[in-house]
Amino acid sequence: MNVSRFAYASPRSTSLLAPSPELRGASGFPSPADDYREFPLDLDRYLVPHPASTFFMRVSGHGLVQAGFHDKDLLIIDRALSPRAGDWVVATIDGSLSLQRLDSHAGRFWLQGEDSRLARVPLDGEHDHRIWGPVCHVIHAFRR
Amino acid sequence: MYALIDCNNFFVSCERLFEPGLEGVPVGVLSNNDGCVIARSEELKALGITMGMPVHQIPSGQRRRIVLRSSNYALYGDLSSRVQQVLAARVPALEPYSIDECFLDLRGIGGDLDVLGRSLVQAVEREVGLPVSLGIAPTRTLAKLANRRAKGMPGHSQFCLWPDAQAPELSRYLHQLPLKAVWGIGSRLALKLASLGIDNAAALRETPEALLRMRFSVVVARTARELRGTPCLEAHELATPRRSILCSRSFGRLINDRQQLSDALRHHCQRAGEKLRRDDMLASAIGVFLRTNPHHTGPQQSHSLWTMLPFPSADTLRLNHHAQRLLADLWRPGIAYQKLGVMLADLSPRHGSQASLFEGHEPARQEALMLAWDAIRQRYGRDSLTLGLRYDNATWPMNSRYRSPCYTTRWDELPQVST
């Protein structure tokens with residue numbers, strides 16, 4: 001199946017993935033300028049390549065300032081990405097959403113919270129800890 | 001081949017996605033104005049809480065052990081649209097049927113349907129985070145039944161594929177299936193059929209078509225033909241009464257013009273309003289969907305948006321007002337659309353709802369207007385009076401005390417992640 005045929009316009013974005021028909025010359029032939037035409041940079045598409053699987057969340061707390069996450073920072077989570085060791089992920093731990101580092105050690109995945117002296121949480125299916133989705137960007141505002 | 005995919009306990013699953021602590025807990029979602037239970041988790045069903053049960057009838061001892069939420073259509077609508085996008089990227093054509101179900105048209109798809117089906121279920125679970133059930137069969141009516149079968153399967157597998165309408169396994173299933181479970185067969189019709197000895201789905205499909213046509217209707221005859229594996233019903237012909245209403249139509253050609261889309265939408269709203277009033281029902285939520293032609297190259301878009309009405313209503317003017325605002329949010333320049341539709345959900349009977357002094361309701365003036373409207377159109381023909389002008393009115397706040405945040409549509413209500 002040719003998946004690339006389906007180019008989706010984000011409901012938030014007015015940008016399209018293909019030039020619109022109006023850009024063609026009046027004669028119906030493609031304008032030679034089309035070859036050189038560039039589109040304005042679109043931050044939405046840069047940060048959110050997969051609108052359907054991308055979610056925004058808010059950092060709550062000061063525990064991960066060292067790692068670059070400040071209170072009230074905006075997290076961009078893309079569930080279409082496969083989590084990898086070293087990723088920051090949103091995980092569900094004891095029924096709530098928590099920011100964790102994904103570690104791989106002794107052939108298993110572990111969640112590591114803010115304090116590396118604390119025990120790691122194994123992702124073994126026995127405990128009710130799951131990865132909600134990998135964090136792909138964090139946006140920090142200097143003025144609020 | 002057609003597929004019907006729907007989200008399991010959709011509203012509850014949406015609530016749980018951002019509040020994982022609700023996993024395993026009895027959860028219910030309430031109708032407009034927090035009147036009665038309209039969606040239940042499996043745990044809540046096990047406690048004996050029935051669909052439509054008024055909140056005040058839940059014993060207080062039980063009330064303390066369960067979690068109830070007001071409906072949050074902004075959240076449900078956004079997640080519904082995401083599910084559609086994930087699916088639309090993987091199949092040739094998709095047709096939303098209600099807020100939590102859509103038909104997939106798999107005609108012309110080569111390859112292994114079993115592999116495709118499992119990958120669709122996995123993609124939605126992984127990318128949007130909602131559990132779904134999927135049924136694939138030669139017709140829409142059979143796909144709906146395959147979906148029902150998938151839900152009943154033990155374990156986590158929520159997928160059922162019936163490639164052959166004559167397969168013995170399918171025949172056995174239809175034999176024990178009550179007629180009421182078949183789309184388009186209401187309980188009154190089921191009773192009439194039973195009086196002729198037709199009391200299960202297999203019996204219906206073996207009944208001669210001429211007899212069904214003569215004694216019942218063309219639609220019943222076509223339903224039987226669909227059960228035999230020949231597609232002959234469109235999605236909108238399958239709409240079940242009282243759960244949701246769908247009015248949609250493909251355009252004869254591709255349309256981008258805002259005004260033309262708006263006119264088409266107005267027409268659909270008129271029909272949807274008439275359907276509502278004919279059944280003496282009120283709707284609490286309204287959705288609009290727009291679809292491009294999936295067989296064309298060029299930019300594709302398939303989206304729907306939902307909103308809550310300020311109070312349950314069957315007023316064509318009000319439906320149209322809210323639908324037009326949704327269309328304004330959906331419409332994009334430069335995209336050629338093929339299909340537009342309006343959907344109504346959270347339906348309740350106009351009479352017998354426990355309206356309190358404080359909750360909003362349609363002003364008597366508006367109800368009278370609609371009565372006159374229907375009377376004029378009935379007497380002088382459908383073209384004698386049509387909706388032409390825009391309608392604007394202040395909205396009243398709804399009573400939704402237990403609403404979860406609009407996690408995906410409002411900056412100030414995003415989920416909080418602890419560090």
# chains A, B, ... in the order shown; residues from 1 in each chain; ligands from 1

call {"tool": "residues_around", "arguments": {"residues": "A:Arg84", "least_positions_apart": "6", "cutoff": "12 Å", "atoms": "only C-alpha atoms", "output": "JSON, numbers by chain"}}
result
{"A": [101, 102, 103, 104, 108, 109, 110, 111, 131, 133, 134, 135, 136]}

call {"tool": "write_last_selection", "arguments": {"atoms": "N, CA and C atoms", "output": "PDB file, in the first residue's frame"}}
result
ATOM      1  N   ARG A 101      13.387   8.774  32.632  1.00  0.00           N
ATOM      2  CA  ARG A 101      14.414   8.442  31.655  1.00  0.00           C
ATOM      3  C   ARG A 101      14.326   6.946  31.387  1.00  0.00           C
ATOM      4  N   LEU A 102      14.380   6.570  30.117  1.00  0.00           N
ATOM      5  CA  LEU A 102      14.310   5.151  29.779  1.00  0.00           C
ATOM      6  C   LEU A 102      15.724   4.596  29.686  1.00  0.00           C
ATOM      7  N   ASP A 103      16.013   3.589  30.512  1.00  0.00           N
ATOM      8  CA  ASP A 103      17.340   2.987  30.573  1.00  0.00           C
ATOM      9  C   ASP A 103      17.276   1.550  30.091  1.00  0.00           C
ATOM     10  N   SER A 104      18.377   1.096  29.521  1.00  0.00           N
ATOM     11  CA  SER A 104      18.437  -0.316  29.185  1.00  0.00           C
ATOM     12  C   SER A 104      19.608  -0.900  29.956  1.00  0.00           C
ATOM     13  N   ARG A 108      17.085  -5.489  30.031  1.00  0.00           N
ATOM     14  CA  ARG A 108      15.721  -5.057  30.328  1.00  0.00           C
ATOM     15  C   ARG A 108      15.638  -3.535  30.248  1.00  0.00           C
ATOM     16  N   PHE A 109      14.396  -3.052  30.079  1.00  0.00           N
ATOM     17  CA  PHE A 109      14.166  -1.616  30.127  1.00  0.00           C
ATOM     18  C   PHE A 109      13.788  -1.198  31.545  1.00  0.00           C
ATOM     19  N   TRP A 110      14.293  -0.049  31.946  1.00  0.00           N
ATOM     20  CA  TRP A 110      14.014   0.470  33.287  1.00  0.00           C
ATOM     21  C   TRP A 110      13.598   1.925  33.175  1.00  0.00           C
ATOM     22  N   LEU A 111      12.817   2.360  34.140  1.00  0.00           N
ATOM     23  CA  LEU A 111      12.498   3.782  34.233  1.00  0.00           C
ATOM     24  C   LEU A 111      13.310   4.377  35.364  1.00  0.00           C
ATOM     25  N   ILE A 131       5.018   2.804  29.543  1.00  0.00           N
ATOM     26  CA  ILE A 131       5.433   4.003  28.823  1.00  0.00           C
ATOM     27  C   ILE A 131       4.205   4.580  28.139  1.00  0.00           C
ATOM     28  N   GLY A 133       4.424   7.586  26.287  1.00  0.00           N
ATOM     29  CA  GLY A 133       4.934   8.017  24.981  1.00  0.00           C
ATOM     30  C   GLY A 133       6.255   8.736  25.142  1.00  0.00           C
ATOM     31  N   PRO A 134       7.108   8.680  24.118  1.00  0.00           N
ATOM     32  CA  PRO A 134       8.405   9.347  24.196  1.00  0.00           C
ATOM     33  C   PRO A 134       8.286  10.870  23.991  1.00  0.00           C
ATOM     34  N   VAL A 135       9.083  11.613  24.757  1.00  0.00           N
ATOM     35  CA  VAL A 135       9.118  13.074  24.621  1.00  0.00           C
ATOM     36  C   VAL A 135      10.063  13.409  23.479  1.00  0.00           C
ATOM     37  N   CYS A 136       9.605  14.155  22.475  1.00  0.00           N
ATOM     38  CA  CYS A 136      10.524  14.506  21.390  1.00  0.00           C
ATOM     39  C   CYS A 136      10.981  15.956  21.446  1.00  0.00           C
TER      40      CYS A 136
END

call {"tool": "residues_around", "arguments": {"residues": "B:Arg107", "least_positions_apart": "5", "cutoff": "10 Å", "atoms": "only C-alpha atoms", "output": "ChimeraX atom specification"}}
result
/B:1-2,91-93,138

call {"tool": "select_by_dssp", "arguments": {"residues": "stretch 272-359 of chain B", "states": "alpha helix (DSSP H)", "output": "list in words"}}
result
Ala272, Gly273, Glu274, Lys275, Leu276, Arg277, Arg278, Thr316, Leu317, Arg318, Leu319, Asn320, His321, His322, Ala323, Gln324, Arg325, Leu326, Leu327, Ala328, Asp329 and Leu330 of chain B

call {"tool": "interface_residues", "arguments": {"of": "chain B", "to": "chain A", "cutoff": "6 Å", "atoms": "only C-alpha atoms", "output": "list in words"}}
result
Pro20, Gly21, Arg82, Ala89, Glu127, Val128, Pro299, Gln300, Gln301, Gly334, Leu414, Pro415, Gln416, Val417, Ser418 and Thr419 of chain B

call {"tool": "atom_distance", "arguments": {"atom1": "atom CA of B:Leu161", "atom2": "atom CA of B:Leu120"}}
result
12.8 Å

call {"tool": "select_by_dssp", "arguments": {"residues": "stretch 231-416 of chain B", "states": "strand (DSSP E or B)", "output": "VMD selection string"}}
result
chain B and resid 245 to 255 281 to 292 300 302 to 313 337 to 345 348 to 349 403 416

call {"tool": "atom_distance", "arguments": {"atom1": "atom CA of B:Glu15", "atom2": "atom CA of B:Asp34"}}
result
15.7 Å

call {"tool": "atom_distance", "arguments": {"atom1": "atom CA of B:Val342", "atom2": "atom CA of B:Ala272"}}
result
7.6 Å

call {"tool": "residues_around", "arguments": {"residues": "stretch 242-256 of chain B", "least_positions_apart": "4", "cutoff": "8 Å", "atoms": "only C-alpha atoms", "output": "ChimeraX atom specification"}}
result
/B:97-98,236,260-261,268-269,271-272,275-276,279,281,292-293,333-348

call {"tool": "closest_residue", "arguments": {"among": "B:Asn9, B:Ser133, B:Gln378, B:Asn33", "to": "B:Ala146", "atoms": "only C-alpha atoms"}}
result
B:Ser133

call {"tool": "closest_residue", "arguments": {"among": "A:Val89, A:Leu41, A:Ile76, A:Val48", "to": "A:Ile139", "atoms": "only C-alpha atoms"}}
result
A:Ile76
